[in-house]
Protein chains: 2
Amino acid sequence: MRVGIVGYGNIGKGVEAAVTKAADMELVAVFTRRDPASVKTVTGAKVIAYDDITGMKDDIDVLIICGGSATDLPWMTPELAANFNVIDSFDNHSSIPQHFAKVDEAAKASGKVGIISCGWDPGYFSLARILADSALPEGDSYTFWGRGVSQGHSDAIRRLEGVKYARQYTVHVPEAVDKVRNNEHPVFTARDMHLRECYVVAEEGADKAAIEEAIKTMPAYFEPYDTTVEFISQEELDRDHSGLPHGGSVLRSGRTGFNDEFNNTVEFTLNLDSNPFFTSSILAAAARAAFRMNLEGQCGARTLFDVPPAYLSHHSREELLAHML
Amino acid sequence: MRVGIVGYGNIGKGVEAAVTKAADMELVAVFTRRDPASVKTVTGAKVIAYDDITGMKDDIDVLIICGGSATDLPWMTPELAANFNVIDSFDNHSSIPQHFAKVDEAAKASGKVGIISCGWDPGYFSLARILADSALPEGDSYTFWGRGVSQGHSDAIRRLEGVKYARQYTVHVPEAVDKVRNNEHPVFTARDMHLRECYVVAEEGADKAAIEEAIKTMPAYFEPYDTTVEFISQEELDRDHSGLPHGGSVLRSGRTGFNDEFNNTVEFTLNLDSNPFFTSSILAAAARAAFRMNLEGQCGARTLFDVPPAYLSHHSREELLAHML
C-alpha cells in the first residue's frame with residue numbers, strides 16, 4: 001500500500017511514524033503548501049509541493065490528509081477525492097453531514113473511497129457510541145474528555161491581552177463518571193462533567209487579576225465551567241506542560257429485560273500520552289481500510305461506521321479468527 | 001425484519017425481550033426441540049417444533065440460534081444456514097475456525113449470511129481487541145473477566161460428591177488491571193489476573209473439608225487460581241446468588257511515536273446485571289446486520305469483524321452522522 005501524507009504538522013508527523021512502522025505500507029511522499037525545501041521530514045521521506053500532487057495519482061494508493069477542520073479539510077478533502085482514495089480527521093461535528101455530502105459527490109465521480117472523520121472523537125469514540133447504543137437501545141450515553149490539552153481553549157487564552165503563552169487542560173469530574181457507572185442516569189450541566197485547568201505565562205507587567213477574570217468569564221469556553229487559573233513562568237510551562245496528552249471515556253448505561261429490570265454499563269476509555277500520534281495511528285489504519293474497500297469496487301464517502309473492523313487490521317483473517325475473536 | 005428464535009433457554013428469552021422491543025423487528029416464532037405445547041413464551045410468541053422449521057423459510061428473514069456451543073451449534077448453525085440467514089453465539093474459541101468454515105460452506109450454497117460468535121466474548125470484546133490492536137500495533141492486550149458468574153465453573157463444583165448446588169464467581173484482580181493501565185506491560189500467570197469465589201450448598205452430612213479440598217485442587221478449573229469456598233444454605237444461595245451478572249475489561253497498552261516514546265491505553269469495560277440478556281441484545285443487533293448484508297447480495301459466514309457497525313444500529317444514516325459520529 002503506497003501512502004501519501006498531505007500536511008506536515010503534528011498529525012502529519014504522527015502518520016509518518018505510523019506508516020513507516022506498518023509492514024504493509026510504504027510512505028511515498030509528504031505534500032505541503034509550504035516551500036518543499038523548507039520542510040524536513042523526520043524519516044527523510046520525500047517532500048513535494050501540494051500543487052504537483054495530481055501528477056502523483058498513479059503512484060499513491062491512499063492520501064492521508066492532515067489539515068485543519070476549520071479552513072483546510074472542507075475544500076481539500078473533496079478536491080483530493082477527485083483523484084485519490086482519501087482519509088481525513090474532520091472533527092467539526094455540526095458540519096459533518098455537509099462535509100460527507102461533498103466528499104461523497106467527488107469520490108463517486110472518481111470511483112474512489114473517502115473515509116472522513118477518522119480519529120478518536122469523531123472516530124473510535126463514535127464506534128463506542130454506536131456499539132453501546134446498538135446493544136442497549138434503551139439508555140443514556142455520555143462522553144467525558146480529559147485529562148488532556150485542548151488546543152482550542154489554549155488558543156482562546158493566548159488571544160487575551162497580556163498573555164504570552166497558555167495551556168488549558170480539560171479535566172473530567174470523577175464523581176460524574178461514577179454516577180453514570182452507578183446507573184443513576186444523571187442529567188448533567190457542562191459544569192457537572194468537566195473542569196478547566198489553565199496554566200498561563202503572562203507578559204511582564206500584565207494585570208494578572210484582569211487576565212484571570214477575562215478567562216473565567218469567557219462565554220462558551222470557560223464561563224460554563226469551574227475554571228482554575230495558575231500563572232507560571234515560561235520555563236515551568238516548557239518543562240511541565242509541553243506534551244499533548246489527552247483521553248476520555250464514552251459510557252452508556254442502559255437496561256435490558258422484559259421489564260427493564262437489568263442495569264448494564266458499557267465503557268470505552270482512552271489514556272493517551274500524545275493525542276496527535278494516537279489520532280495518526282487511527283488514520284493509518286483507516287487508510288488500509290479505504291484501500292481494501294476501493295479494491296473491492298466501493299466508491300464514495302464513508303465513515304468508520306461503514307468500515308468492517310477487519311479492514312483496519314494488519315492481521316490476516318486466519319490470525320483474527322484464531323487469536324482475536 | 002421477521003425474526004425467528006431457535007431454542008428457549010436464558011438466551012432465547014433474552015432475544016425475545018430484545019426483538020419484541022425493537023421497532024424494526026417482528027418475532028415470528030420460537031422453535032424448540034421440546035414438545036412445543038410444553039413451552040410457554042413470556043410474550044405469548046408462537047412456539048413451533050424445530051422439525052417444522054424449514055417450512056417457515058419464506059416467513060423468516062433471520063434466525064437467531066440460541067443453543068449451546070458444546071453440542072448444539074456445531075451442527076445446528078450449518079444446518080439452518082442452508083435455508084436461513086442465521087446468527088449464533090458460538091463461543092468455543094479454539095473451534096471457531098472450523099465452525100466458521102462449516103457455516104461458510106452452507107451459507108454460500110444457500111446464498112444466505114451467517115454471523116457466528118456474536119455476543120460479548122467473543123463479540124464486543126473481540127471488536128475492542130481489533131480496534132485497539134489496529135490503533136496500537138505495538139503493545140500488549142489483556143482480557144479480564146468478572147465479577148461474574150461462570151456457569152462452567154459452577155457446574156464443575158456441582159458434579160462433586162456431597163454438593164447440592166453451587167455458584168462460582170470469576171473476579172478480576174484490580175491491582176493487575178492497574179498494572180496494565182500504568183503501562184507496565186506485565187506478564188501474568190492465571191493467578192495474577194483472576195480469583196475464584198465459590199458459594200456451595202452441601203448435602204446434609206457431607207464432608208465440607210473434603211469438598212473444599214476437591215474444589216481448590218481441581219486442575220484447570222480452580223487449581224491455577226486463588227480460590228475461596230464458602231458454604232451457605234440453599235435459602236442464602238437463592239436469595240443472594242440467583243442472578244447471572246457478569247462483565248470484564250479488554251485493555252491494550254501500546255506505544256506510539258518515532259521512538260515509541262508515548263504510552264497509550266485503550267480500555268473497554270462491561271458491567272452487566274444479566275449476562276444472557278446483554279448477549280441476547282447483541283444477537284438481535286447482529287440479526288439486523290445479517291439481514292442488511294444479505295439484502296445487498298452478500299452470502300457466506302461472517303463474524304462481527306466483517307460487519308460495518310452502522311448495520312447493527314436501528315438509527316438512520318442521517319441520525320448517525322448528525323448525533324453519534
# chains A, B, ... in the order shown; residues from 1 in each chain; ligands from 1
>>> residues_around(residues="Ala22 in chain A", least_positions_apart="5", cutoff="12 Å", atoms="only C-alpha atoms", output="ChimeraX atom specification")
/A:1-3,15-17,27,281,284-285,287-288,313-315 /B:134-138,256
>>> residues_around(residues="Val6 in chain A", least_positions_apart="2", cutoff="12 Å", atoms="only C-alpha atoms", output="PDB file with C-alpha atoms, in the first residue's frame")
ATOM      1  CA  VAL A   3       0.617   6.155   1.125  1.00  0.00           C
ATOM      2  CA  GLY A   4       0.918   9.918   0.737  1.00  0.00           C
ATOM      3  CA  TYR A   8       3.165  18.163   7.919  1.00  0.00           C
ATOM      4  CA  GLY A   9       2.115  19.365  11.362  1.00  0.00           C
ATOM      5  CA  ASN A  10       1.730  17.193  14.488  1.00  0.00           C
ATOM      6  CA  ILE A  11      -0.742  14.854  12.796  1.00  0.00           C
ATOM      7  CA  GLY A  12       1.325  14.581   9.618  1.00  0.00           C
ATOM      8  CA  LYS A  13       4.367  13.612  11.674  1.00  0.00           C
ATOM      9  CA  VAL A  15       1.136   9.497  10.333  1.00  0.00           C
ATOM     10  CA  GLU A  16       4.747   9.405   9.138  1.00  0.00           C
ATOM     11  CA  LEU A  27       5.349   6.202   2.548  1.00  0.00           C
ATOM     12  CA  VAL A  28       5.719   7.708  -0.940  1.00  0.00           C
ATOM     13  CA  ALA A  29       5.851  11.403  -0.088  1.00  0.00           C
ATOM     14  CA  VAL A  30       4.720  14.251   2.115  1.00  0.00           C
ATOM     15  CA  PHE A  31       2.862  17.029   0.274  1.00  0.00           C
ATOM     16  CA  THR A  32       2.998  20.581   1.562  1.00  0.00           C
ATOM     17  CA  ARG A  33       1.707  24.003   0.598  1.00  0.00           C
ATOM     18  CA  ARG A  34       4.874  25.497   2.066  1.00  0.00           C
ATOM     19  CA  PRO A  36       9.094  21.896  -0.013  1.00  0.00           C
ATOM     20  CA  LYS A  46      10.417  12.969   0.146  1.00  0.00           C
ATOM     21  CA  VAL A  47       8.612  16.350   0.308  1.00  0.00           C
ATOM     22  CA  ILE A  48       6.664  17.509  -2.754  1.00  0.00           C
ATOM     23  CA  ALA A  49       4.688  20.691  -3.438  1.00  0.00           C
ATOM     24  CA  TYR A  50       0.928  20.340  -2.977  1.00  0.00           C
ATOM     25  CA  ASP A  51       0.402  21.806  -6.453  1.00  0.00           C
ATOM     26  CA  ASP A  52       2.188  18.808  -8.005  1.00  0.00           C
ATOM     27  CA  ILE A  53       0.028  16.228  -6.241  1.00  0.00           C
ATOM     28  CA  ILE A  60      -0.260   6.590  -4.486  1.00  0.00           C
ATOM     29  CA  VAL A  62      -4.284   6.408  -0.382  1.00  0.00           C
ATOM     30  CA  LEU A  63      -3.717  10.006   0.699  1.00  0.00           C
ATOM     31  CA  ILE A  64      -3.978  10.818   4.406  1.00  0.00           C
ATOM     32  CA  ILE A  65      -4.974  14.452   4.688  1.00  0.00           C
ATOM     33  CA  CYS A  66      -3.574  16.042   7.834  1.00  0.00           C
ATOM     34  CA  GLY A  67      -5.104  19.514   7.641  1.00  0.00           C
ATOM     35  CA  GLY A  68      -7.297  21.531   9.987  1.00  0.00           C
ATOM     36  CA  ASP A  72      -8.279  23.121   5.149  1.00  0.00           C
ATOM     37  CA  LEU A  73     -10.383  19.969   5.056  1.00  0.00           C
ATOM     38  CA  MET A  76      -9.150  19.879   0.415  1.00  0.00           C
ATOM     39  CA  THR A  77     -10.790  16.507   1.032  1.00  0.00           C
ATOM     40  CA  LEU A  80      -8.274  15.367  -3.486  1.00  0.00           C
ATOM     41  CA  PHE A  84      -7.280   9.685  -4.758  1.00  0.00           C
ATOM     42  CA  VAL A  86      -8.541   9.833   0.913  1.00  0.00           C
ATOM     43  CA  ILE A  87      -8.655   9.815   4.713  1.00  0.00           C
ATOM     44  CA  ASP A  88      -9.307  12.845   6.879  1.00  0.00           C
TER      45      ASP A  88
END
>>> closest_residue(among="A:Ala214, A:Ala310, A:Leu160, A:Ala109", to="chain B", atoms="only C-alpha atoms")
A:Ala310
>>> interface_residues(of="chain A", to="chain B", cutoff="6 Å", atoms="only C-alpha atoms", output="PDB file with C-alpha atoms, in the first residue's frame")
ATOM      1  CA  ALA A  17       5.656   7.418  12.259  1.00  0.00           C
ATOM      2  CA  PRO A 122     -15.012  11.576  15.979  1.00  0.00           C
ATOM      3  CA  SER A 126     -18.143   7.216  17.674  1.00  0.00           C
ATOM      4  CA  SER A 134     -26.960  -0.934  19.399  1.00  0.00           C
ATOM      5  CA  ALA A 135     -26.626  -3.337  22.325  1.00  0.00           C
ATOM      6  CA  PHE A 258     -38.755  -7.749  29.731  1.00  0.00           C
ATOM      7  CA  PHE A 262     -31.355  -5.281  34.444  1.00  0.00           C
ATOM      8  CA  ASN A 263     -28.844  -2.420  34.520  1.00  0.00           C
ATOM      9  CA  ASN A 264     -25.774  -2.503  32.296  1.00  0.00           C
ATOM     10  CA  THR A 265     -22.888  -0.177  31.576  1.00  0.00           C
ATOM     11  CA  VAL A 266     -20.588  -0.105  28.579  1.00  0.00           C
ATOM     12  CA  GLU A 267     -17.444   1.981  28.875  1.00  0.00           C
ATOM     13  CA  PHE A 268     -14.692   2.821  26.411  1.00  0.00           C
ATOM     14  CA  THR A 269     -11.722   4.736  27.786  1.00  0.00           C
ATOM     15  CA  LEU A 270      -8.580   6.174  26.236  1.00  0.00           C
ATOM     16  CA  ASN A 271      -5.490   7.484  28.012  1.00  0.00           C
ATOM     17  CA  LEU A 272      -3.024   8.956  25.560  1.00  0.00           C
ATOM     18  CA  ASP A 273       0.424  10.426  26.147  1.00  0.00           C
ATOM     19  CA  SER A 281      -2.310   5.833  14.140  1.00  0.00           C
ATOM     20  CA  ILE A 282      -6.066   5.509  13.548  1.00  0.00           C
ATOM     21  CA  PHE A 305     -19.421   3.352  10.873  1.00  0.00           C
ATOM     22  CA  ASP A 306     -19.199   1.864   7.361  1.00  0.00           C
ATOM     23  CA  VAL A 307     -15.899   0.035   7.766  1.00  0.00           C
ATOM     24  CA  PRO A 308     -15.833  -3.668   8.668  1.00  0.00           C
ATOM     25  CA  PRO A 309     -13.343  -3.652  11.579  1.00  0.00           C
ATOM     26  CA  ALA A 310     -11.264  -6.436   9.965  1.00  0.00           C
ATOM     27  CA  SER A 313      -6.245  -4.623  10.885  1.00  0.00           C
ATOM     28  CA  MET A 324      -8.509 -12.090  18.345  1.00  0.00           C
ATOM     29  CA  LEU A 325     -12.123 -13.252  18.128  1.00  0.00           C
TER      30      LEU A 325
END
>>> residues_around(residues="Gly297 in chain A", least_positions_apart="4", cutoff="10 Å", atoms="only C-alpha atoms", output="VMD selection string")
chain A and resid 111 to 113 292 to 293
>>> select_by_dssp(residues="range 93-153 of chain A", states="strand (DSSP E)", output="list in words")
Val113, Gly114, Ile115, Gly139, Asp140, Ser141, Tyr142, Thr143, Phe144, Trp145, Gly148 and Val149 of chain A
>>> write_last_selection(atoms="all heavy atoms", output="PDB file, in the first residue's frame")
ATOM      1  N   VAL A 113     -12.624   5.998  -2.728  1.00  0.00           N
ATOM      2  CA  VAL A 113     -13.235   5.963  -1.402  1.00  0.00           C
ATOM      3  C   VAL A 113     -12.643   7.080  -0.550  1.00  0.00           C
ATOM      4  O   VAL A 113     -11.423   7.281  -0.546  1.00  0.00           O
ATOM      5  CB  VAL A 113     -12.986   4.597  -0.712  1.00  0.00           C
ATOM      6  CG1 VAL A 113     -13.317   4.659   0.776  1.00  0.00           C
ATOM      7  CG2 VAL A 113     -13.793   3.498  -1.388  1.00  0.00           C
ATOM      8  N   GLY A 114     -13.489   7.807   0.153  1.00  0.00           N
ATOM      9  CA  GLY A 114     -13.032   8.821   1.102  1.00  0.00           C
ATOM     10  C   GLY A 114     -13.616   8.541   2.471  1.00  0.00           C
ATOM     11  O   GLY A 114     -14.834   8.595   2.649  1.00  0.00           O
ATOM     12  N   ILE A 115     -12.771   8.198   3.435  1.00  0.00           N
ATOM     13  CA  ILE A 115     -13.263   7.973   4.806  1.00  0.00           C
ATOM     14  C   ILE A 115     -12.981   9.232   5.615  1.00  0.00           C
ATOM     15  O   ILE A 115     -11.821   9.603   5.809  1.00  0.00           O
ATOM     16  CB  ILE A 115     -12.626   6.746   5.473  1.00  0.00           C
ATOM     17  CG1 ILE A 115     -12.686   5.520   4.542  1.00  0.00           C
ATOM     18  CG2 ILE A 115     -13.339   6.427   6.788  1.00  0.00           C
ATOM     19  CD1 ILE A 115     -12.128   4.241   5.159  1.00  0.00           C
ATOM     20  N   GLY A 139     -31.362   3.586  26.956  1.00  0.00           N
ATOM     21  CA  GLY A 139     -30.351   4.025  27.898  1.00  0.00           C
ATOM     22  C   GLY A 139     -29.874   5.421  27.592  1.00  0.00           C
ATOM     23  O   GLY A 139     -30.453   6.122  26.766  1.00  0.00           O
ATOM     24  N   ASP A 140     -28.824   5.822  28.277  1.00  0.00           N
ATOM     25  CA  ASP A 140     -28.266   7.166  28.106  1.00  0.00           C
ATOM     26  C   ASP A 140     -26.771   7.069  27.887  1.00  0.00           C
ATOM     27  O   ASP A 140     -26.086   6.318  28.577  1.00  0.00           O
ATOM     28  CB  ASP A 140     -28.541   8.011  29.360  1.00  0.00           C
ATOM     29  CG  ASP A 140     -30.024   8.258  29.558  1.00  0.00           C
ATOM     30  OD1 ASP A 140     -30.627   8.905  28.687  1.00  0.00           O
ATOM     31  OD2 ASP A 140     -30.581   7.787  30.569  1.00  0.00           O
ATOM     32  N   SER A 141     -26.273   7.871  26.936  1.00  0.00           N
ATOM     33  CA  SER A 141     -24.847   7.884  26.626  1.00  0.00           C
ATOM     34  C   SER A 141     -24.206   9.184  27.096  1.00  0.00           C
ATOM     35  O   SER A 141     -24.856  10.237  27.111  1.00  0.00           O
ATOM     36  CB  SER A 141     -24.634   7.737  25.113  1.00  0.00           C
ATOM     37  OG  SER A 141     -24.942   6.430  24.695  1.00  0.00           O
ATOM     38  N   TYR A 142     -22.956   9.084  27.464  1.00  0.00           N
ATOM     39  CA  TYR A 142     -22.211  10.226  27.980  1.00  0.00           C
ATOM     40  C   TYR A 142     -20.798  10.196  27.406  1.00  0.00           C
ATOM     41  O   TYR A 142     -20.221   9.121  27.267  1.00  0.00           O
ATOM     42  CB  TYR A 142     -22.103  10.150  29.508  1.00  0.00           C
ATOM     43  CG  TYR A 142     -23.435  10.093  30.222  1.00  0.00           C
ATOM     44  CD1 TYR A 142     -24.112   8.884  30.371  1.00  0.00           C
ATOM     45  CD2 TYR A 142     -24.023  11.246  30.734  1.00  0.00           C
ATOM     46  CE1 TYR A 142     -25.340   8.819  31.018  1.00  0.00           C
ATOM     47  CE2 TYR A 142     -25.250  11.199  31.386  1.00  0.00           C
ATOM     48  CZ  TYR A 142     -25.904   9.977  31.523  1.00  0.00           C
ATOM     49  OH  TYR A 142     -27.126   9.922  32.162  1.00  0.00           O
ATOM     50  N   THR A 143     -20.247  11.366  27.118  1.00  0.00           N
ATOM     51  CA  THR A 143     -18.848  11.438  26.718  1.00  0.00           C
ATOM     52  C   THR A 143     -18.104  12.373  27.663  1.00  0.00           C
ATOM     53  O   THR A 143     -18.507  13.527  27.858  1.00  0.00           O
ATOM     54  CB  THR A 143     -18.706  11.955  25.271  1.00  0.00           C
ATOM     55  OG1 THR A 143     -19.446  11.107  24.386  1.00  0.00           O
ATOM     56  CG2 THR A 143     -17.238  11.938  24.839  1.00  0.00           C
ATOM     57  N   PHE A 144     -17.069  11.843  28.270  1.00  0.00           N
ATOM     58  CA  PHE A 144     -16.183  12.641  29.119  1.00  0.00           C
ATOM     59  C   PHE A 144     -14.833  12.756  28.418  1.00  0.00           C
ATOM     60  O   PHE A 144     -14.337  11.769  27.874  1.00  0.00           O
ATOM     61  CB  PHE A 144     -15.965  11.955  30.475  1.00  0.00           C
ATOM     62  CG  PHE A 144     -17.191  11.893  31.339  1.00  0.00           C
ATOM     63  CD1 PHE A 144     -18.045  10.794  31.269  1.00  0.00           C
ATOM     64  CD2 PHE A 144     -17.495  12.915  32.216  1.00  0.00           C
ATOM     65  CE1 PHE A 144     -19.176  10.719  32.073  1.00  0.00           C
ATOM     66  CE2 PHE A 144     -18.622  12.859  33.027  1.00  0.00           C
ATOM     67  CZ  PHE A 144     -19.467  11.754  32.946  1.00  0.00           C
ATOM     68  N   TRP A 145     -14.259  13.951  28.472  1.00  0.00           N
ATOM     69  CA  TRP A 145     -12.926  14.118  27.908  1.00  0.00           C
ATOM     70  C   TRP A 145     -11.933  14.442  29.018  1.00  0.00           C
ATOM     71  O   TRP A 145     -12.294  15.037  30.039  1.00  0.00           O
ATOM     72  CB  TRP A 145     -12.904  15.259  26.884  1.00  0.00           C
ATOM     73  CG  TRP A 145     -13.690  14.962  25.659  1.00  0.00           C
ATOM     74  CD1 TRP A 145     -13.294  14.242  24.570  1.00  0.00           C
ATOM     75  CD2 TRP A 145     -15.035  15.374  25.395  1.00  0.00           C
ATOM     76  NE1 TRP A 145     -14.320  14.180  23.644  1.00  0.00           N
ATOM     77  CE2 TRP A 145     -15.389  14.861  24.124  1.00  0.00           C
ATOM     78  CE3 TRP A 145     -15.979  16.123  26.109  1.00  0.00           C
ATOM     79  CZ2 TRP A 145     -16.649  15.078  23.553  1.00  0.00           C
ATOM     80  CZ3 TRP A 145     -17.222  16.336  25.550  1.00  0.00           C
ATOM     81  CH2 TRP A 145     -17.553  15.822  24.285  1.00  0.00           C
ATOM     82  N   GLY A 148      -6.765  16.299  29.476  1.00  0.00           N
ATOM     83  CA  GLY A 148      -5.970  16.473  28.297  1.00  0.00           C
ATOM     84  C   GLY A 148      -5.974  17.910  27.817  1.00  0.00           C
ATOM     85  O   GLY A 148      -6.816  18.719  28.211  1.00  0.00           O
ATOM     86  N   VAL A 149      -5.002  18.193  26.957  1.00  0.00           N
ATOM     87  CA  VAL A 149      -4.828  19.551  26.450  1.00  0.00           C
ATOM     88  C   VAL A 149      -5.853  19.837  25.360  1.00  0.00           C
ATOM     89  O   VAL A 149      -5.969  19.081  24.405  1.00  0.00           O
ATOM     90  CB  VAL A 149      -3.413  19.731  25.866  1.00  0.00           C
ATOM     91  CG1 VAL A 149      -3.290  21.077  25.153  1.00  0.00           C
ATOM     92  CG2 VAL A 149      -2.371  19.606  26.958  1.00  0.00           C
TER      93      VAL A 149
END
>>> residues_around(residues="His172 in chain B", least_positions_apart="3", cutoff="7 Å", atoms="only C-alpha atoms", output="VMD selection string")
chain B and resid 144 to 147 193 to 195
>>> write_last_selection(atoms="N, CA, C and O atoms", output="PDB file, in the first residue's frame")
ATOM      1  N   PHE B 144      -9.707  -9.215  31.076  1.00  0.00           N
ATOM      2  CA  PHE B 144     -10.124  -9.547  32.448  1.00  0.00           C
ATOM      3  C   PHE B 144     -11.626  -9.812  32.443  1.00  0.00           C
ATOM      4  O   PHE B 144     -12.372  -9.086  31.802  1.00  0.00           O
ATOM      5  N   TRP B 145     -12.032 -10.856  33.172  1.00  0.00           N
ATOM      6  CA  TRP B 145     -13.460 -11.110  33.295  1.00  0.00           C
ATOM      7  C   TRP B 145     -13.889 -10.920  34.742  1.00  0.00           C
ATOM      8  O   TRP B 145     -13.103 -11.116  35.667  1.00  0.00           O
ATOM      9  N   GLY B 146     -15.177 -10.563  34.876  1.00  0.00           N
ATOM     10  CA  GLY B 146     -15.790 -10.504  36.197  1.00  0.00           C
ATOM     11  C   GLY B 146     -15.864  -9.097  36.750  1.00  0.00           C
ATOM     12  O   GLY B 146     -15.434  -8.167  36.096  1.00  0.00           O
ATOM     13  N   ARG B 147     -16.447  -9.036  37.883  1.00  0.00           N
ATOM     14  CA  ARG B 147     -17.005 -10.093  38.704  1.00  0.00           C
ATOM     15  C   ARG B 147     -18.288 -10.650  38.084  1.00  0.00           C
ATOM     16  O   ARG B 147     -19.226  -9.890  37.824  1.00  0.00           O
ATOM     17  N   MET B 193      -4.290 -12.674  37.565  1.00  0.00           N
ATOM     18  CA  MET B 193      -5.356 -11.901  36.935  1.00  0.00           C
ATOM     19  C   MET B 193      -6.746 -12.117  37.536  1.00  0.00           C
ATOM     20  O   MET B 193      -7.570 -11.223  37.536  1.00  0.00           O
ATOM     21  N   HIS B 194      -6.994 -13.355  37.994  1.00  0.00           N
ATOM     22  CA  HIS B 194      -8.355 -13.670  38.440  1.00  0.00           C
ATOM     23  C   HIS B 194      -8.381 -14.489  39.721  1.00  0.00           C
ATOM     24  O   HIS B 194      -7.505 -15.330  39.937  1.00  0.00           O
ATOM     25  N   LEU B 195      -9.396 -14.232  40.537  1.00  0.00           N
ATOM     26  CA  LEU B 195      -9.718 -15.058  41.703  1.00  0.00           C
ATOM     27  C   LEU B 195     -10.989 -15.842  41.399  1.00  0.00           C
ATOM     28  O   LEU B 195     -11.764 -15.444  40.532  1.00  0.00           O
TER      29      LEU B 195
END
>>> closest_residue(among="A:Asn92, A:Ser242, A:Asn83, A:Gln168", to="Cys299 in chain A", atoms="only C-alpha atoms")
A:Asn83
>>> residues_around(residues="His99 in chain A", least_positions_apart="5", cutoff="9 Å", atoms="only C-alpha atoms", output="number ranges by chain")
A: 73-75, 77-78, 90, 104, 116
>>> atom_distance(atom1="CA of Ser110 in chain B", atom2="CA of Lys57 in chain B")
11.7 Å
>>> atom_distance(atom1="CA of Arg239 in chain B", atom2="CA of Cys198 in chain B")
15.4 Å
>>> closest_residue(among="B:Pro174, B:Gly300, B:Gly152, B:Gly162", to="Val200 in chain B", atoms="only C-alpha atoms")
B:Gly162
>>> atom_distance(atom1="CA of Arg158 in chain B", atom2="CA of Thr41 in chain B")
28.5 Å
>>> residues_around(residues="Met218 in chain A", least_positions_apart="6", cutoff="12 Å", atoms="only C-alpha atoms", output="list in words")
His153, Ala156, Ile157, Arg159, Leu160, Ile211, Glu212, Pro224, Tyr225, Asp226 and Thr227 of chain A
>>> closest_residue(among="A:Glu105, A:Asp192, A:Glu161, A:Asp238", to="Asp178 in chain A", atoms="only C-alpha atoms")
A:Asp192
>>> select_by_dssp(residues="range 1-113 of chain A", states="helix (DSSP H, G or I)", output="ChimeraX atom specification")
/A:10-21,36-38,50-52,54-56,73-81,93-110
>>> write_last_selection(atoms="C-alpha atoms", output="PDB file, in the first residue's frame")
ATOM      1  CA  ASN A  10       1.730  17.193  14.488  1.00  0.00           C
ATOM      2  CA  ILE A  11      -0.742  14.854  12.796  1.00  0.00           C
ATOM      3  CA  GLY A  12       1.325  14.581   9.618  1.00  0.00           C
ATOM      4  CA  LYS A  13       4.367  13.612  11.674  1.00  0.00           C
ATOM      5  CA  GLY A  14       2.313  11.080  13.587  1.00  0.00           C
ATOM      6  CA  VAL A  15       1.136   9.497  10.333  1.00  0.00           C
ATOM      7  CA  GLU A  16       4.747   9.405   9.138  1.00  0.00           C
ATOM      8  CA  ALA A  17       5.656   7.418  12.259  1.00  0.00           C
ATOM      9  CA  ALA A  18       2.672   5.054  11.933  1.00  0.00           C
ATOM     10  CA  VAL A  19       3.077   4.392   8.201  1.00  0.00           C
ATOM     11  CA  THR A  20       6.837   3.890   8.462  1.00  0.00           C
ATOM     12  CA  LYS A  21       6.288   1.198  11.095  1.00  0.00           C
ATOM     13  CA  PRO A  36       9.094  21.896  -0.013  1.00  0.00           C
ATOM     14  CA  ALA A  37      12.747  22.847   0.521  1.00  0.00           C
ATOM     15  CA  SER A  38      11.789  24.335   3.889  1.00  0.00           C
ATOM     16  CA  TYR A  50       0.928  20.340  -2.977  1.00  0.00           C
ATOM     17  CA  ASP A  51       0.402  21.806  -6.453  1.00  0.00           C
ATOM     18  CA  ASP A  52       2.188  18.808  -8.005  1.00  0.00           C
ATOM     19  CA  THR A  54      -2.258  15.280  -9.158  1.00  0.00           C
ATOM     20  CA  GLY A  55       0.733  14.132 -11.186  1.00  0.00           C
ATOM     21  CA  MET A  56       1.345  11.512  -8.496  1.00  0.00           C
ATOM     22  CA  LEU A  73     -10.383  19.969   5.056  1.00  0.00           C
ATOM     23  CA  PRO A  74     -13.713  21.467   3.844  1.00  0.00           C
ATOM     24  CA  TRP A  75     -12.196  22.124   0.386  1.00  0.00           C
ATOM     25  CA  MET A  76      -9.150  19.879   0.415  1.00  0.00           C
ATOM     26  CA  THR A  77     -10.790  16.507   1.032  1.00  0.00           C
ATOM     27  CA  PRO A  78     -13.337  16.870  -1.810  1.00  0.00           C
ATOM     28  CA  GLU A  79     -10.630  18.273  -4.125  1.00  0.00           C
ATOM     29  CA  LEU A  80      -8.274  15.367  -3.486  1.00  0.00           C
ATOM     30  CA  ALA A  81     -11.073  12.755  -3.603  1.00  0.00           C
ATOM     31  CA  HIS A  93     -19.298  17.753  14.438  1.00  0.00           C
ATOM     32  CA  SER A  94     -22.062  20.077  13.290  1.00  0.00           C
ATOM     33  CA  SER A  95     -20.724  20.280   9.718  1.00  0.00           C
ATOM     34  CA  ILE A  96     -20.143  16.552   9.225  1.00  0.00           C
ATOM     35  CA  PRO A  97     -23.290  15.938   7.113  1.00  0.00           C
ATOM     36  CA  GLN A  98     -22.334  18.693   4.636  1.00  0.00           C
ATOM     37  CA  HIS A  99     -18.702  17.588   4.508  1.00  0.00           C
ATOM     38  CA  PHE A 100     -19.797  13.984   3.947  1.00  0.00           C
ATOM     39  CA  ALA A 101     -22.034  15.051   1.030  1.00  0.00           C
ATOM     40  CA  LYS A 102     -19.254  16.999  -0.700  1.00  0.00           C
ATOM     41  CA  VAL A 103     -16.715  14.185  -0.342  1.00  0.00           C
ATOM     42  CA  ASP A 104     -19.329  11.644  -1.447  1.00  0.00           C
ATOM     43  CA  GLU A 105     -20.033  13.538  -4.658  1.00  0.00           C
ATOM     44  CA  ALA A 106     -16.347  13.860  -5.549  1.00  0.00           C
ATOM     45  CA  ALA A 107     -15.465  10.267  -4.654  1.00  0.00           C
ATOM     46  CA  LYS A 108     -18.410   8.770  -6.512  1.00  0.00           C
ATOM     47  CA  ALA A 109     -17.390  10.716  -9.612  1.00  0.00           C
ATOM     48  CA  SER A 110     -13.790   9.483  -9.396  1.00  0.00           C
TER      49      SER A 110
END
>>> closest_residue(among="A:Asn85, A:Ser233, A:Thr170, A:Gln298", to="Arg191 in chain A", atoms="only C-alpha atoms")
A:Thr170
